[in-house]
>>> print(open('my_file_27.txt').read())   # compact mmCIF, C-alpha atoms
# COMPACT_ATOMS: atom_id res chain seq x y z
CA MET E 1 -88.55 42.73 38.30
CA ASN E 2 -87.87 40.75 35.14
CA ILE E 3 -84.08 40.51 34.89
CA VAL E 4 -82.40 38.46 32.17
CA TYR E 5 -78.91 37.12 32.94
CA ARG E 6 -76.77 36.03 30.02
CA GLU E 7 -73.29 35.78 28.64
CA ALA E 8 -72.02 38.85 26.84
CA ARG E 9 -71.66 38.72 23.07
CA LYS E 10 -69.56 40.79 20.69
CA GLU E 11 -72.64 42.65 19.51
CA ASP E 12 -73.01 43.98 23.10
CA ALA E 13 -69.73 45.92 22.83
CA GLN E 14 -71.15 49.43 22.36
CA ARG E 15 -73.82 48.93 25.03
CA MET E 16 -71.15 47.73 27.48
CA ILE E 17 -68.96 50.76 26.77
CA ASP E 18 -71.96 53.04 27.30
CA HIS E 19 -72.83 51.20 30.53
CA MET E 20 -69.34 51.64 31.94
CA LYS E 21 -69.20 55.33 31.06
CA PHE E 22 -72.59 55.75 32.74
CA VAL E 23 -71.60 54.00 36.00
CA PHE E 24 -68.24 55.79 36.10
CA THR E 25 -70.17 59.07 35.88
CA GLU E 26 -73.00 58.06 38.19
CA ASN E 27 -70.78 56.77 41.03
CA PRO E 28 -67.35 58.32 40.45
CA THR E 29 -66.17 57.63 44.01
CA PHE E 30 -66.54 53.82 43.68
CA TYR E 31 -64.31 53.16 40.65
CA GLY E 32 -60.62 53.51 39.94
CA THR E 33 -61.31 54.68 36.40
CA ARG E 34 -62.90 58.04 35.63
CA ALA E 35 -65.46 58.31 32.82
CA ASP E 36 -63.17 60.62 30.83
CA GLU E 37 -60.35 58.05 31.05
CA PHE E 38 -62.45 55.20 29.69
CA GLN E 39 -61.63 55.39 25.99
CA LEU E 40 -62.10 51.86 24.63
CA THR E 41 -63.15 51.53 21.02
CA VAL E 42 -65.88 49.10 19.99
CA GLU E 43 -63.22 46.90 18.37
CA GLN E 44 -61.15 46.83 21.58
CA GLU E 45 -64.27 45.95 23.57
CA LYS E 46 -65.08 43.13 21.15
CA GLN E 47 -61.57 41.73 21.65
CA TRP E 48 -62.04 41.99 25.43
CA ILE E 49 -65.36 40.13 25.17
CA GLU E 50 -63.77 37.42 23.03
CA LYS E 51 -60.96 36.96 25.55
CA HIS E 52 -63.52 36.43 28.30
CA GLN E 53 -65.50 34.02 26.15
CA LYS E 54 -62.38 31.90 25.67
CA HIS E 55 -60.75 32.13 29.09
CA GLY E 56 -63.08 33.68 31.64
CA PHE E 57 -66.55 34.74 32.64
CA LEU E 58 -68.52 37.75 31.40
CA TYR E 59 -72.20 38.09 32.24
CA LEU E 60 -74.77 40.82 31.79
CA ALA E 61 -77.98 41.61 33.66
CA GLU E 62 -80.69 43.27 31.59
CA GLN E 63 -84.19 44.53 32.22
CA ASP E 64 -86.34 45.21 29.17
CA GLY E 65 -83.23 45.49 27.01
CA VAL E 66 -81.51 47.95 29.38
CA LEU E 67 -78.10 46.89 30.65
CA ALA E 68 -78.45 47.07 34.45
CA GLY E 69 -75.17 45.49 35.50
CA MET E 70 -72.29 43.29 34.46
CA ILE E 71 -69.59 41.09 35.95
CA HIS E 72 -66.33 39.79 34.57
CA PHE E 73 -63.49 37.52 35.64
CA LEU E 74 -60.27 36.43 33.96
CA PRO E 75 -57.69 34.08 35.41
CA SER E 76 -54.19 35.49 35.55
CA GLU E 77 -52.09 34.81 32.46
CA SER E 78 -49.01 34.24 34.63
CA LYS E 79 -48.35 30.54 35.35
CA ARG E 80 -47.71 31.15 39.06
CA PHE E 81 -50.97 33.03 39.47
CA SER E 82 -53.13 31.20 36.92
CA HIS E 83 -55.12 29.50 39.71
CA GLN E 84 -56.75 32.84 40.53
CA GLY E 85 -58.05 35.99 38.94
CA MET E 86 -59.82 39.28 39.52
CA VAL E 87 -63.52 40.10 39.47
CA GLY E 88 -64.96 43.34 38.15
CA ILE E 89 -68.60 44.19 38.74
CA SER E 90 -70.63 47.28 37.89
CA MET E 91 -74.24 48.21 38.50
CA LYS E 92 -76.36 51.19 37.54
CA GLU E 93 -77.61 52.90 40.69
CA HIS E 94 -81.27 52.46 39.70
CA TYR E 95 -80.81 48.68 39.95
CA ALA E 96 -78.69 48.58 43.12
CA GLY E 97 -80.10 46.83 46.18
CA LYS E 98 -82.42 44.58 44.18
CA GLY E 99 -80.40 41.35 44.30
CA ILE E 100 -78.84 41.68 40.86
CA GLY E 101 -75.27 41.97 42.17
CA THR E 102 -75.86 38.95 44.41
CA GLU E 103 -77.13 36.95 41.44
CA LEU E 104 -74.25 37.97 39.17
CA LEU E 105 -71.65 37.17 41.81
CA THR E 106 -73.35 33.87 42.71
CA ARG E 107 -73.29 32.83 39.06
CA LEU E 108 -69.61 33.74 38.82
CA LEU E 109 -68.73 31.77 41.96
CA SER E 110 -70.66 28.73 40.69
CA TRP E 111 -68.80 28.93 37.39
CA ALA E 112 -65.44 29.32 39.17
CA LYS E 113 -66.10 26.29 41.37
CA ALA E 114 -66.75 24.23 38.24
CA GLN E 115 -63.39 25.22 36.71
CA PRO E 116 -60.67 22.78 37.81
CA SER E 117 -57.96 25.41 37.29
CA ILE E 118 -59.60 28.17 39.40
CA GLU E 119 -58.95 28.08 43.15
CA LYS E 120 -59.30 31.70 44.18
CA VAL E 121 -61.50 34.62 43.18
CA SER E 122 -60.20 38.06 44.16
CA LEU E 123 -61.47 41.61 43.93
CA GLU E 124 -60.65 45.13 45.00
CA VAL E 125 -63.22 47.55 46.37
CA PHE E 126 -62.92 51.08 47.65
CA SER E 127 -63.47 51.40 51.38
CA ASN E 128 -66.29 53.92 50.86
CA ASN E 129 -68.37 51.42 48.87
CA GLU E 130 -70.43 50.10 51.77
CA ARG E 131 -72.95 48.22 49.61
CA GLY E 132 -70.14 46.48 47.74
CA LEU E 133 -68.34 45.52 50.94
CA TYR E 134 -71.59 44.19 52.40
CA LEU E 135 -72.29 42.10 49.28
CA TYR E 136 -68.82 40.58 49.14
CA LYS E 137 -68.79 39.71 52.84
CA LYS E 138 -72.30 38.26 52.59
CA LEU E 139 -71.11 35.92 49.82
CA GLY E 140 -68.06 34.74 51.71
CA PHE E 141 -65.27 37.05 50.59
CA GLU E 142 -62.71 37.93 53.23
CA GLU E 143 -60.47 40.95 53.46
CA GLU E 144 -56.87 40.03 52.68
CA GLY E 145 -55.33 43.45 52.83
CA ARG E 146 -55.83 47.16 52.55
CA LEU E 147 -53.88 49.79 50.68
CA LYS E 148 -54.29 52.90 52.81
CA ARG E 149 -55.28 56.12 51.04
CA ASN E 150 -54.61 54.38 47.74
CA ALA E 151 -57.06 56.37 45.63
CA ARG E 152 -57.46 60.13 45.61
CA LEU E 153 -60.95 61.17 44.60
CA ASP E 154 -61.77 64.25 42.55
CA ASP E 155 -62.59 66.27 45.68
CA GLY E 156 -59.11 65.56 47.08
CA THR E 157 -60.20 63.03 49.69
CA TYR E 158 -58.65 59.56 49.84
CA VAL E 159 -60.10 56.08 50.14
CA ASP E 160 -58.47 52.78 50.96
CA ASP E 161 -58.36 50.02 48.38
CA VAL E 162 -59.59 46.82 50.06
CA ARG E 163 -58.39 43.50 48.61
CA MET E 164 -60.84 40.66 49.19
CA ALA E 165 -60.87 37.04 48.07
CA GLN E 166 -62.64 33.74 48.33
CA PHE E 167 -61.21 30.28 47.81
CA VAL E 168 -63.51 28.18 45.67
>>> encode(input="my_file_27.txt", output="structure tokens")
Amino acid sequence: MNIVYREARKEDAQRMIDHMKFVFTENPTFYGTRADEFQLTVEQEKQWIEKHQKHGFLYLAEQDGVLAGMIHFLPSESKRFSHQGMVGISMKEHYAGKGIGTELLTRLLSWAKAQPSIEKVSLEVFSNNERGLYLYKKLGFEEEGRLKRNARLDDGTYVDDVRMAQFV
């Protein structure tokens, strides 16, 4: 599998929006945002990309020009919490289980370790996302807490929101 990993650029904005709408539709029980709620404009996405270029980390994984997955991280803007931030990662189902998520997260953790101001990388994952939980634990993330029945899915069932983190 020939996967290209690279930083996101402003010209990727529409493709990134399309990617997110696709994964929100494809795996609606893994994300806190529904596809119909994701209403970013291309200009808003470009601003989001620029913010990550200046202050954070935003990487894409592509195969033959198809966006397979992406990862992003921004440190908190609050002074008291600026030593840490939240990760977001998304993957199209077709590419899951092929090491792409591991590679994206490994690149993020390497970047975070090289940033003198970053001490902690955090994330939230739904308790029903077994692959995600496995990946995060495999790479050294530890559960810090759990919000019970925090998300109600479209079928009326609930899932816990698991907070995980790693000190870098």
>>> residues_around(input="my_file_27.txt", residues="Ser76 (chain E)", least_positions_apart="6", cutoff="12 Å", atoms="only C-alpha atoms", output="list in words")
His52, His55, Gly56, Ser82, His83, Gln84, Gly85, Met86, Val87, Ser117, Ile118, Glu119, Lys120, Val121 and Ser122 of chain E
>>> closest_residue(input="my_file_27.txt", among="E:Ile3, E:Phe30, E:Glu37, E:Ser90", to="Met16 (chain E)", atoms="only C-alpha atoms")
E:Ser90
>>> closest_residue(input="my_file_27.txt", among="E:Ser127, E:Asn2, E:Gln63, E:Thr25", to="Met164 (chain E)", atoms="only C-alpha atoms")
E:Ser127
>>> closest_residue(input="my_file_27.txt", among="E:Glu11, E:Gly69, E:Asn128, E:Lys113", to="Gly99 (chain E)", atoms="all atoms listed in the file")
E:Gly69
>>> atom_distance(input="my_file_27.txt", atom1="CA of Lys51 (chain E)", atom2="CA of Leu74 (chain E)")
8.5 Å
>>> build_atoms(input="my_file_27.txt", residues="region 111-125 of chain E", atoms="N, CA, C and O atoms", output="compact mmCIF listing (two decimals), in the coordinates of the input")
# COMPACT_ATOMS: atom_id res chain seq x y z
N TRP E 111 -69.64 29.22 38.56
CA TRP E 111 -68.80 28.93 37.39
C TRP E 111 -67.37 28.64 37.83
O TRP E 111 -66.76 27.67 37.38
N ALA E 112 -66.83 29.49 38.72
CA ALA E 112 -65.44 29.32 39.17
C ALA E 112 -65.24 27.98 39.86
O ALA E 112 -64.22 27.31 39.65
N LYS E 113 -66.20 27.58 40.67
CA LYS E 113 -66.10 26.29 41.37
C LYS E 113 -66.09 25.12 40.40
O LYS E 113 -65.51 24.07 40.70
N ALA E 114 -66.70 25.29 39.25
CA ALA E 114 -66.75 24.23 38.24
C ALA E 114 -65.50 24.18 37.36
O ALA E 114 -65.33 23.25 36.57
N GLN E 115 -64.62 25.17 37.51
CA GLN E 115 -63.39 25.22 36.71
C GLN E 115 -62.26 24.58 37.51
O GLN E 115 -61.87 25.10 38.55
N PRO E 116 -61.73 23.46 37.05
CA PRO E 116 -60.67 22.78 37.81
C PRO E 116 -59.43 23.65 38.05
O PRO E 116 -58.74 23.47 39.05
N SER E 117 -59.18 24.60 37.16
CA SER E 117 -57.96 25.41 37.29
C SER E 117 -58.14 26.63 38.19
O SER E 117 -57.16 27.27 38.55
N ILE E 118 -59.36 26.97 38.57
CA ILE E 118 -59.60 28.17 39.40
C ILE E 118 -59.75 27.76 40.86
O ILE E 118 -60.58 26.94 41.21
N GLU E 119 -58.91 28.35 41.72
CA GLU E 119 -58.95 28.08 43.15
C GLU E 119 -59.32 29.30 43.98
O GLU E 119 -59.76 29.17 45.11
N LYS E 120 -59.13 30.49 43.40
CA LYS E 120 -59.30 31.70 44.18
C LYS E 120 -59.88 32.81 43.30
O LYS E 120 -59.44 33.01 42.17
N VAL E 121 -60.88 33.48 43.85
CA VAL E 121 -61.50 34.62 43.18
C VAL E 121 -61.22 35.85 44.03
O VAL E 121 -61.56 35.87 45.21
N SER E 122 -60.60 36.86 43.43
CA SER E 122 -60.20 38.06 44.16
C SER E 122 -60.90 39.29 43.58
O SER E 122 -61.37 39.28 42.44
N LEU E 123 -60.92 40.33 44.39
CA LEU E 123 -61.47 41.61 43.93
C LEU E 123 -60.88 42.72 44.76
O LEU E 123 -60.29 42.49 45.81
N GLU E 124 -61.02 43.93 44.25
CA GLU E 124 -60.65 45.13 45.00
C GLU E 124 -61.86 46.04 45.04
O GLU E 124 -62.58 46.17 44.06
N VAL E 125 -62.08 46.66 46.19
CA VAL E 125 -63.22 47.55 46.37
C VAL E 125 -62.77 48.73 47.21
O VAL E 125 -61.99 48.58 48.15
